[in-house]
file target26.cif (mmCIF, C-alpha atoms)
data_model
loop_
_atom_site.label_atom_id
_atom_site.label_comp_id
_atom_site.auth_asym_id
_atom_site.auth_seq_id
_atom_site.Cartn_x
_atom_site.Cartn_y
_atom_site.Cartn_z
CA ASP Q 1 5.26 55.43 79.73
CA ALA Q 2 9.03 55.49 79.53
CA GLY Q 3 10.24 56.85 76.21
CA ILE Q 4 11.54 53.71 74.58
CA THR Q 5 11.03 52.78 70.96
CA GLN Q 6 12.22 49.76 69.05
CA SER Q 7 12.58 49.36 65.32
CA PRO Q 8 11.57 47.51 63.35
CA ARG Q 9 8.59 46.07 65.24
CA HIS Q 10 8.39 43.05 62.97
CA LYS Q 11 10.95 41.50 60.66
CA VAL Q 12 11.16 38.35 58.60
CA THR Q 13 14.56 37.42 57.24
CA GLU Q 14 16.42 34.45 55.85
CA THR Q 15 19.10 32.32 57.43
CA GLY Q 16 22.56 33.75 56.96
CA THR Q 17 21.54 37.38 56.51
CA PRO Q 18 22.67 40.15 58.88
CA VAL Q 19 20.02 41.85 60.98
CA THR Q 20 20.21 44.99 63.15
CA LEU Q 21 17.60 45.94 65.71
CA ARG Q 22 17.50 49.42 67.15
CA CYS Q 23 16.49 50.66 70.58
CA HIS Q 24 16.04 54.37 71.15
CA GLN Q 25 15.37 56.11 74.48
CA THR Q 26 14.48 59.66 75.39
CA GLU Q 27 15.00 59.26 79.15
CA ASN Q 28 18.79 59.75 79.21
CA HIS Q 29 19.18 56.61 81.32
CA ARG Q 30 22.68 55.23 81.67
CA TYR Q 31 21.89 51.53 81.43
CA MET Q 32 20.38 49.74 78.45
CA TYR Q 33 19.65 46.04 77.93
CA TRP Q 34 18.66 43.57 75.24
CA TYR Q 35 16.60 40.50 76.14
CA ARG Q 36 15.01 37.76 74.12
CA GLN Q 37 11.72 36.12 75.05
CA ASP Q 38 10.96 32.53 74.11
CA PRO Q 39 8.07 30.31 75.22
CA GLY Q 40 8.99 28.37 78.35
CA HIS Q 41 12.13 30.43 78.97
CA GLY Q 42 10.87 33.78 80.17
CA LEU Q 43 13.23 36.61 79.26
CA ARG Q 44 16.97 36.07 78.98
CA LEU Q 45 19.64 38.75 78.89
CA ILE Q 46 21.66 38.99 75.68
CA HIS Q 47 23.88 42.05 76.20
CA TYR Q 48 23.82 45.21 78.22
CA SER Q 49 25.44 48.63 78.25
CA TYR Q 50 26.54 50.75 81.19
CA GLY Q 51 27.54 53.80 79.16
CA VAL Q 52 28.51 54.98 75.71
CA LYS Q 53 30.85 52.40 74.17
CA ASP Q 54 30.67 50.31 77.38
CA THR Q 55 28.98 46.96 76.89
CA ASP Q 56 29.08 43.47 78.36
CA LYS Q 57 27.73 40.01 77.66
CA GLY Q 58 24.67 38.47 79.19
CA GLU Q 59 23.46 34.91 79.55
CA VAL Q 60 22.79 34.19 75.84
CA SER Q 61 25.24 36.40 73.94
CA ASP Q 62 26.54 33.90 71.36
CA GLY Q 63 25.70 35.01 67.82
CA TYR Q 64 24.91 38.59 68.86
CA SER Q 65 26.88 41.82 69.03
CA VAL Q 66 25.90 45.27 70.28
CA SER Q 67 27.01 48.85 69.93
CA ARG Q 68 26.23 52.07 71.73
CA SER Q 69 27.70 55.20 70.16
CA LYS Q 70 25.18 57.57 71.74
CA THR Q 71 23.42 57.55 75.09
CA GLU Q 72 20.03 57.23 73.44
CA ASP Q 73 20.71 54.39 71.00
CA PHE Q 74 21.58 50.73 71.59
CA LEU Q 75 21.89 48.47 68.56
CA LEU Q 76 21.67 44.67 68.52
CA THR Q 77 23.21 42.90 65.51
CA LEU Q 78 22.84 39.33 64.39
CA GLU Q 79 25.84 38.93 62.07
CA SER Q 80 24.42 35.84 60.37
CA ALA Q 81 20.88 35.04 61.47
CA THR Q 82 19.91 31.46 62.30
CA SER Q 83 16.49 29.90 62.87
CA SER Q 84 17.30 29.54 66.58
CA GLN Q 85 17.33 33.33 66.78
CA THR Q 86 13.64 33.52 65.90
CA SER Q 87 12.28 35.26 68.97
CA VAL Q 88 10.78 38.40 70.41
CA TYR Q 89 13.46 40.90 71.36
CA PHE Q 90 12.95 43.48 74.09
CA CYS Q 91 15.04 46.48 74.93
CA ALA Q 92 15.02 47.85 78.48
CA ILE Q 93 16.47 50.91 80.20
CA SER Q 94 17.32 51.70 83.78
CA ALA Q 95 18.58 54.61 85.82
CA GLY Q 96 20.64 52.12 87.84
CA GLY Q 97 20.95 51.25 91.51
CA GLY Q 98 18.18 48.90 92.53
CA GLY Q 99 15.80 50.61 90.21
CA GLU Q 100 13.43 48.89 87.93
CA GLN Q 101 13.92 48.44 84.22
CA PHE Q 102 11.48 49.88 81.73
CA PHE Q 103 10.77 47.84 78.64
CA GLY Q 104 10.16 48.74 75.04
CA PRO Q 105 7.32 47.30 72.94
CA GLY Q 106 9.44 44.51 71.45
CA THR Q 107 10.54 43.36 68.00
CA ARG Q 108 9.25 40.08 66.63
CA LEU Q 109 11.98 38.50 64.48
CA THR Q 110 11.40 35.46 62.31
CA VAL Q 111 14.36 33.75 60.65
CA LEU Q 112 13.35 31.40 57.86
CA ALA N 1 24.36 32.87 90.78
CA GLN N 2 20.85 34.20 91.09
CA SER N 3 17.80 32.32 89.89
CA VAL N 4 14.02 32.54 90.00
CA THR N 5 11.43 29.76 90.12
CA GLN N 6 7.79 30.43 89.40
CA LEU N 7 5.57 27.56 90.44
CA GLY N 8 2.88 26.82 87.89
CA SER N 9 3.15 27.85 84.26
CA HIS N 10 -0.63 28.34 84.23
CA VAL N 11 -2.91 29.40 87.08
CA SER N 12 -6.69 29.55 86.72
CA VAL N 13 -8.97 31.38 89.15
CA SER N 14 -12.58 32.48 89.10
CA GLU N 15 -13.47 36.15 88.80
CA GLY N 16 -13.64 37.59 92.32
CA ALA N 17 -11.40 34.91 93.82
CA LEU N 18 -7.99 35.34 95.41
CA VAL N 19 -5.03 35.44 93.06
CA LEU N 20 -1.78 33.85 94.30
CA LEU N 21 1.25 33.59 92.03
CA ARG N 22 4.30 31.98 93.56
CA CYS N 23 7.91 33.07 93.19
CA ASN N 24 11.01 31.71 94.90
CA TYR N 25 14.47 33.10 94.32
CA SER N 26 18.06 32.35 95.12
CA SER N 27 20.61 35.07 95.59
CA SER N 28 24.00 35.32 97.25
CA VAL N 29 23.33 38.89 98.40
CA PRO N 30 20.21 40.77 99.48
CA PRO N 31 18.23 40.99 96.28
CA TYR N 32 16.03 43.47 94.52
CA LEU N 33 12.83 41.71 93.46
CA PHE N 34 10.25 42.65 90.87
CA TRP N 35 6.96 41.51 89.43
CA TYR N 36 6.13 42.42 85.84
CA VAL N 37 2.94 41.86 83.84
CA GLN N 38 2.74 41.31 80.10
CA TYR N 39 -0.49 41.63 78.15
CA PRO N 40 -0.70 39.93 74.73
CA ASN N 41 1.61 41.44 72.11
CA GLN N 42 2.89 44.09 74.49
CA GLY N 43 6.03 44.82 76.47
CA LEU N 44 6.48 44.27 80.18
CA GLN N 45 4.95 46.63 82.72
CA LEU N 46 6.21 46.89 86.29
CA LEU N 47 3.64 45.82 88.90
CA LEU N 48 5.76 46.30 92.00
CA LYS N 49 9.28 46.08 93.38
CA TYR N 50 11.00 45.17 96.64
CA THR N 51 14.11 47.15 97.52
CA SER N 52 14.39 46.41 101.28
CA ALA N 53 12.35 49.38 102.48
CA ALA N 54 9.35 47.24 103.54
CA THR N 55 8.61 43.54 103.34
CA LEU N 56 5.01 44.04 102.16
CA VAL N 57 4.98 45.87 98.88
CA LYS N 58 1.90 47.34 97.24
CA GLY N 59 1.75 47.74 93.51
CA ILE N 60 -0.58 48.84 90.78
CA ASN N 61 -4.00 47.36 89.98
CA GLY N 62 -4.51 46.10 93.55
CA PHE N 63 -1.58 43.67 93.56
CA GLU N 64 0.80 43.23 96.46
CA ALA N 65 3.71 40.95 97.34
CA GLU N 66 5.43 39.96 100.55
CA PHE N 67 9.16 39.40 100.83
CA LYS N 68 9.97 36.47 103.13
CA LYS N 69 13.69 36.07 103.55
CA SER N 70 13.45 32.83 105.53
CA GLU N 71 11.46 31.23 102.72
CA THR N 72 13.30 33.05 99.89
CA SER N 73 9.88 33.86 98.48
CA PHE N 74 8.17 36.86 96.93
CA HIS N 75 4.64 35.69 96.16
CA LEU N 76 2.19 37.96 94.33
CA THR N 77 -1.41 38.28 95.55
CA LYS N 78 -4.60 40.12 94.75
CA PRO N 79 -7.72 39.73 96.91
CA SER N 80 -10.26 39.69 94.09
CA ALA N 81 -9.49 38.78 90.48
CA HIS N 82 -10.87 40.78 87.56
CA MET N 83 -11.17 39.63 83.99
CA SER N 84 -8.69 42.33 83.03
CA ASP N 85 -6.01 40.61 85.16
CA ALA N 86 -5.65 37.84 82.58
CA ALA N 87 -2.03 38.12 81.41
CA GLU N 88 1.47 36.67 81.77
CA TYR N 89 3.26 37.48 85.01
CA PHE N 90 7.00 37.42 85.52
CA CYS N 91 9.02 37.48 88.72
CA ALA N 92 12.57 38.85 88.43
CA VAL N 93 15.60 39.25 90.68
CA LYS N 94 18.60 41.56 90.59
CA GLU N 95 21.67 41.26 92.77
CA GLY N 96 23.11 44.51 93.94
CA GLY N 97 22.93 47.97 92.46
CA GLY N 98 25.24 47.56 89.51
CA ALA N 99 24.61 47.35 85.80
CA ASP N 100 23.69 43.68 85.72
CA GLY N 101 20.43 42.74 84.11
CA LEU N 102 17.43 41.05 85.64
CA THR N 103 17.09 37.29 85.97
CA PHE N 104 13.52 36.28 85.16
CA GLY N 105 11.37 33.33 86.04
CA LYS N 106 9.72 31.48 83.19
CA GLY N 107 6.42 33.20 83.76
CA THR N 108 2.93 32.29 84.92
CA HIS N 109 -0.07 32.65 82.65
CA LEU N 110 -3.04 33.82 84.72
CA ILE N 111 -6.44 32.72 83.43
CA ILE N 112 -9.60 34.27 84.85
CA GLN N 113 -12.75 32.17 84.64
CA PRO N 114 -16.06 34.07 84.47
#
call {"tool": "encode", "arguments": {"input": "target26.cif", "output": "structure tokens"}}
result
Amino acid sequence: DAGITQSPRHKVTETGTPVTLRCHQTENHRYMYWYRQDPGHGLRLIHYSYGVKDTDKGEVSDGYSVSRSKTEDFLLTLESATSSQTSVYFCAISAGGGGEQFFGPGTRLTVL
Amino acid sequence: AQSVTQLGSHVSVSEGALVLLRCNYSSSVPPYLFWYVQYPNQGLQLLLKYTSAATLVKGINGFEAEFKKSETSFHLTKPSAHMSDAAEYFCAVKEGGGADGLTFGKGTHLIIQP
């Protein structure tokens, strides 16, 4: 299995609070991604990174920000969580080119 | 813009029967195509990928998929279903070799009847 960990694995929070999810890789891959998974929608890209301090928006980036200060870590922040952000969040990594992405175990976030 | 359509949110087959999960894509450039499987409460695992080397792609667990450019399809098949194949299956497309993420279909839940 690719060396990808996500923390926390489960989190319950209240509307309006800030939340940070962490993705950590041990593969030294250049590219990292955050997706959210919702029933009936499959997985949708939130943000991605193509190097340290290099990030870009995905399909559903509103309400989210990201940071990557080290190759191995990619943080996803919800500045002020809303109930619509209740979801399962997956981190993925890739070596690039046409290569596949490897996924972490996911974080289940519930916003009350 | 790229997109993926998976026909059938749920597919039910008997154990030992043929599995066929349908995927159609749209892409403005030759795509990279993937099938992933997700077991309950787990992340996604790559089944197979198409990267233009061969149109018939063999993957893990006896699955294979055929790329048909004229039909813009990448259907997933397995000759004989096992109970352990019950899971959610996702088709995904990527345009080009850059940093862009994958575009996923909405998924097909495969049910195996004993």
call {"tool": "interface_residues", "arguments": {"input": "target26.cif", "of": "chain Q", "to": "chain N", "cutoff": "6 Å", "atoms": "all atoms listed in the file", "output": "count of residues only"}}
result
9
call {"tool": "atom_distance", "arguments": {"input": "target26.cif", "atom1": "CA of Ile60 (chain N)", "atom2": "CA of Arg108 (chain Q)"}}
result
27.5 Å
call {"tool": "resolve_selection", "arguments": {"input": "target26.cif", "expression": "the PyMOL selection byres ((chain N and resi 21) around 7)", "output": "MDAnalysis selection string"}}
result
chainID N and resid 19:20 22:23 75:77
call {"tool": "closest_residue", "arguments": {"input": "target26.cif", "among": "Q:Thr20, Q:Asn28, Q:Thr107, Q:Ser94", "to": "Thr77 (chain Q)", "atoms": "only C-alpha atoms"}}
result
Q:Thr20
call {"tool": "closest_residue", "arguments": {"input": "target26.cif", "among": "Q:Glu27, Q:Tyr89, Q:Gly96, Q:Val66", "to": "Gln6 (chain Q)", "atoms": "all atoms listed in the file"}}
result
Q:Tyr89
call {"tool": "resolve_selection", "arguments": {"input": "target26.cif", "expression": "the PyMOL selection byres ((chain N and resi 13) around 8)", "output": "list in words"}}
result
Val11, Ser12, Ser14, Glu15, Ala17, Leu18, Val19, Ala81, Leu110, Ile111, Ile112 and Gln113 of chain N
call {"tool": "resolve_selection", "arguments": {"input": "target26.cif", "expression": "the PyMOL selection byres ((chain N and resi 26) around 7)", "output": "tab-separated table (two decimals) with C-alpha atoms, in the coordinates of the input"}}
result
chain	number	residue	atom	x	y	z
N	2	GLN	CA	20.85	34.20	91.09
N	3	SER	CA	17.80	32.32	89.89
N	4	VAL	CA	14.02	32.54	90.00
N	25	TYR	CA	14.47	33.10	94.32
N	27	SER	CA	20.61	35.07	95.59
N	28	SER	CA	24.00	35.32	97.25
N	72	THR	CA	13.30	33.05	99.89
call {"tool": "residues_near_point", "arguments": {"input": "target26.cif", "point": "(22.9, 49.7, 77.3)", "cutoff": "6 Å", "atoms": "all atoms listed in the file", "output": "JSON, numbers by chain"}}
result
{"Q": [31, 32, 33, 48, 49, 50, 74]}
call {"tool": "residues_around", "arguments": {"input": "target26.cif", "residues": "Glu14 (chain Q)", "least_positions_apart": "2", "cutoff": "6 Å", "atoms": "all atoms listed in the file", "output": "PyMOL selection string"}}
result
chain Q and resi 17+111-112
call {"tool": "residues_around", "arguments": {"input": "target26.cif", "residues": "Gly58 (chain Q)", "least_positions_apart": "4", "cutoff": "6 Å", "atoms": "only C-alpha atoms", "output": "list in words"}}
result
Leu45, Ile46 and His47 of chain Q
call {"tool": "atom_distance", "arguments": {"input": "target26.cif", "atom1": "CA of Gln6 (chain N)", "atom2": "CA of Lys57 (chain Q)"}}
result
25.0 Å
call {"tool": "build_atoms", "arguments": {"input": "target26.cif", "residues": "region 94-105 of chain N", "atoms": "all heavy atoms", "output": "PDB file, in the frame of the given file"}}
result
ATOM      1  N   LYS N  94      17.366  40.860  90.939  1.00  0.00           N
ATOM      2  CA  LYS N  94      18.600  41.560  90.590  1.00  0.00           C
ATOM      3  C   LYS N  94      19.468  41.594  91.826  1.00  0.00           C
ATOM      4  O   LYS N  94      19.006  41.945  92.908  1.00  0.00           O
ATOM      5  CB  LYS N  94      18.301  42.972  90.108  1.00  0.00           C
ATOM      6  CG  LYS N  94      19.516  43.770  89.642  1.00  0.00           C
ATOM      7  CD  LYS N  94      19.074  45.124  89.107  1.00  0.00           C
ATOM      8  CE  LYS N  94      20.213  45.918  88.503  1.00  0.00           C
ATOM      9  NZ  LYS N  94      21.239  46.303  89.479  1.00  0.00           N
ATOM     10  N   GLU N  95      20.739  41.222  91.644  1.00  0.00           N
ATOM     11  CA  GLU N  95      21.670  41.260  92.770  1.00  0.00           C
ATOM     12  C   GLU N  95      22.428  42.567  92.757  1.00  0.00           C
ATOM     13  O   GLU N  95      23.093  42.895  91.777  1.00  0.00           O
ATOM     14  CB  GLU N  95      22.649  40.092  92.697  1.00  0.00           C
ATOM     15  CG  GLU N  95      22.034  38.743  93.006  1.00  0.00           C
ATOM     16  CD  GLU N  95      23.077  37.636  93.082  1.00  0.00           C
ATOM     17  OE1 GLU N  95      24.165  37.810  92.497  1.00  0.00           O
ATOM     18  OE2 GLU N  95      22.796  36.606  93.721  1.00  0.00           O
ATOM     19  N   GLY N  96      22.323  43.316  93.811  1.00  0.00           N
ATOM     20  CA  GLY N  96      23.110  44.510  93.940  1.00  0.00           C
ATOM     21  C   GLY N  96      22.644  45.649  93.053  1.00  0.00           C
ATOM     22  O   GLY N  96      21.699  45.524  92.285  1.00  0.00           O
ATOM     23  N   GLY N  97      23.346  46.769  93.161  1.00  0.00           N
ATOM     24  CA  GLY N  97      22.930  47.970  92.460  1.00  0.00           C
ATOM     25  C   GLY N  97      23.723  48.282  91.215  1.00  0.00           C
ATOM     26  O   GLY N  97      23.686  49.403  90.721  1.00  0.00           O
ATOM     27  N   GLY N  98      24.423  47.312  90.683  1.00  0.00           N
ATOM     28  CA  GLY N  98      25.240  47.560  89.510  1.00  0.00           C
ATOM     29  C   GLY N  98      24.466  47.517  88.216  1.00  0.00           C
ATOM     30  O   GLY N  98      23.245  47.636  88.195  1.00  0.00           O
ATOM     31  N   ALA N  99      25.200  47.317  87.133  1.00  0.00           N
ATOM     32  CA  ALA N  99      24.610  47.350  85.800  1.00  0.00           C
ATOM     33  C   ALA N  99      23.986  46.046  85.376  1.00  0.00           C
ATOM     34  O   ALA N  99      23.344  45.989  84.335  1.00  0.00           O
ATOM     35  CB  ALA N  99      25.677  47.741  84.777  1.00  0.00           C
ATOM     36  N   ASP N 100      24.169  44.988  86.144  1.00  0.00           N
ATOM     37  CA  ASP N 100      23.690  43.680  85.720  1.00  0.00           C
ATOM     38  C   ASP N 100      22.208  43.687  85.419  1.00  0.00           C
ATOM     39  O   ASP N 100      21.438  44.425  86.028  1.00  0.00           O
ATOM     40  CB  ASP N 100      23.961  42.634  86.807  1.00  0.00           C
ATOM     41  CG  ASP N 100      25.444  42.391  87.014  1.00  0.00           C
ATOM     42  OD1 ASP N 100      26.233  42.863  86.170  1.00  0.00           O
ATOM     43  OD2 ASP N 100      25.805  41.754  88.012  1.00  0.00           O
ATOM     44  N   GLY N 101      21.822  42.830  84.470  1.00  0.00           N
ATOM     45  CA  GLY N 101      20.430  42.740  84.110  1.00  0.00           C
ATOM     46  C   GLY N 101      19.614  41.948  85.119  1.00  0.00           C
ATOM     47  O   GLY N 101      20.126  41.481  86.139  1.00  0.00           O
ATOM     48  N   LEU N 102      18.334  41.826  84.809  1.00  0.00           N
ATOM     49  CA  LEU N 102      17.430  41.050  85.640  1.00  0.00           C
ATOM     50  C   LEU N 102      17.483  39.582  85.241  1.00  0.00           C
ATOM     51  O   LEU N 102      17.681  39.252  84.068  1.00  0.00           O
ATOM     52  CB  LEU N 102      15.991  41.551  85.471  1.00  0.00           C
ATOM     53  CG  LEU N 102      15.728  43.020  85.813  1.00  0.00           C
ATOM     54  CD1 LEU N 102      14.277  43.383  85.524  1.00  0.00           C
ATOM     55  CD2 LEU N 102      16.071  43.300  87.254  1.00  0.00           C
ATOM     56  N   THR N 103      17.290  38.711  86.239  1.00  0.00           N
ATOM     57  CA  THR N 103      17.090  37.290  85.970  1.00  0.00           C
ATOM     58  C   THR N 103      15.603  37.003  86.180  1.00  0.00           C
ATOM     59  O   THR N 103      15.072  37.266  87.263  1.00  0.00           O
ATOM     60  CB  THR N 103      17.930  36.421  86.900  1.00  0.00           C
ATOM     61  OG1 THR N 103      19.316  36.691  86.650  1.00  0.00           O
ATOM     62  CG2 THR N 103      17.659  34.947  86.658  1.00  0.00           C
ATOM     63  N   PHE N 104      14.967  36.495  85.140  1.00  0.00           N
ATOM     64  CA  PHE N 104      13.520  36.280  85.160  1.00  0.00           C
ATOM     65  C   PHE N 104      13.166  34.824  85.420  1.00  0.00           C
ATOM     66  O   PHE N 104      13.892  33.900  85.039  1.00  0.00           O
ATOM     67  CB  PHE N 104      12.911  36.671  83.807  1.00  0.00           C
ATOM     68  CG  PHE N 104      12.793  38.149  83.596  1.00  0.00           C
ATOM     69  CD1 PHE N 104      13.848  38.887  83.088  1.00  0.00           C
ATOM     70  CD2 PHE N 104      11.610  38.812  83.907  1.00  0.00           C
ATOM     71  CE1 PHE N 104      13.737  40.251  82.886  1.00  0.00           C
ATOM     72  CE2 PHE N 104      11.484  40.175  83.706  1.00  0.00           C
ATOM     73  CZ  PHE N 104      12.554  40.896  83.197  1.00  0.00           C
ATOM     74  N   GLY N 105      12.005  34.637  86.053  1.00  0.00           N
ATOM     75  CA  GLY N 105      11.370  33.330  86.040  1.00  0.00           C
ATOM     76  C   GLY N 105      10.769  33.074  84.674  1.00  0.00           C
ATOM     77  O   GLY N 105      10.745  33.953  83.808  1.00  0.00           O
TER      78      GLY N 105
END
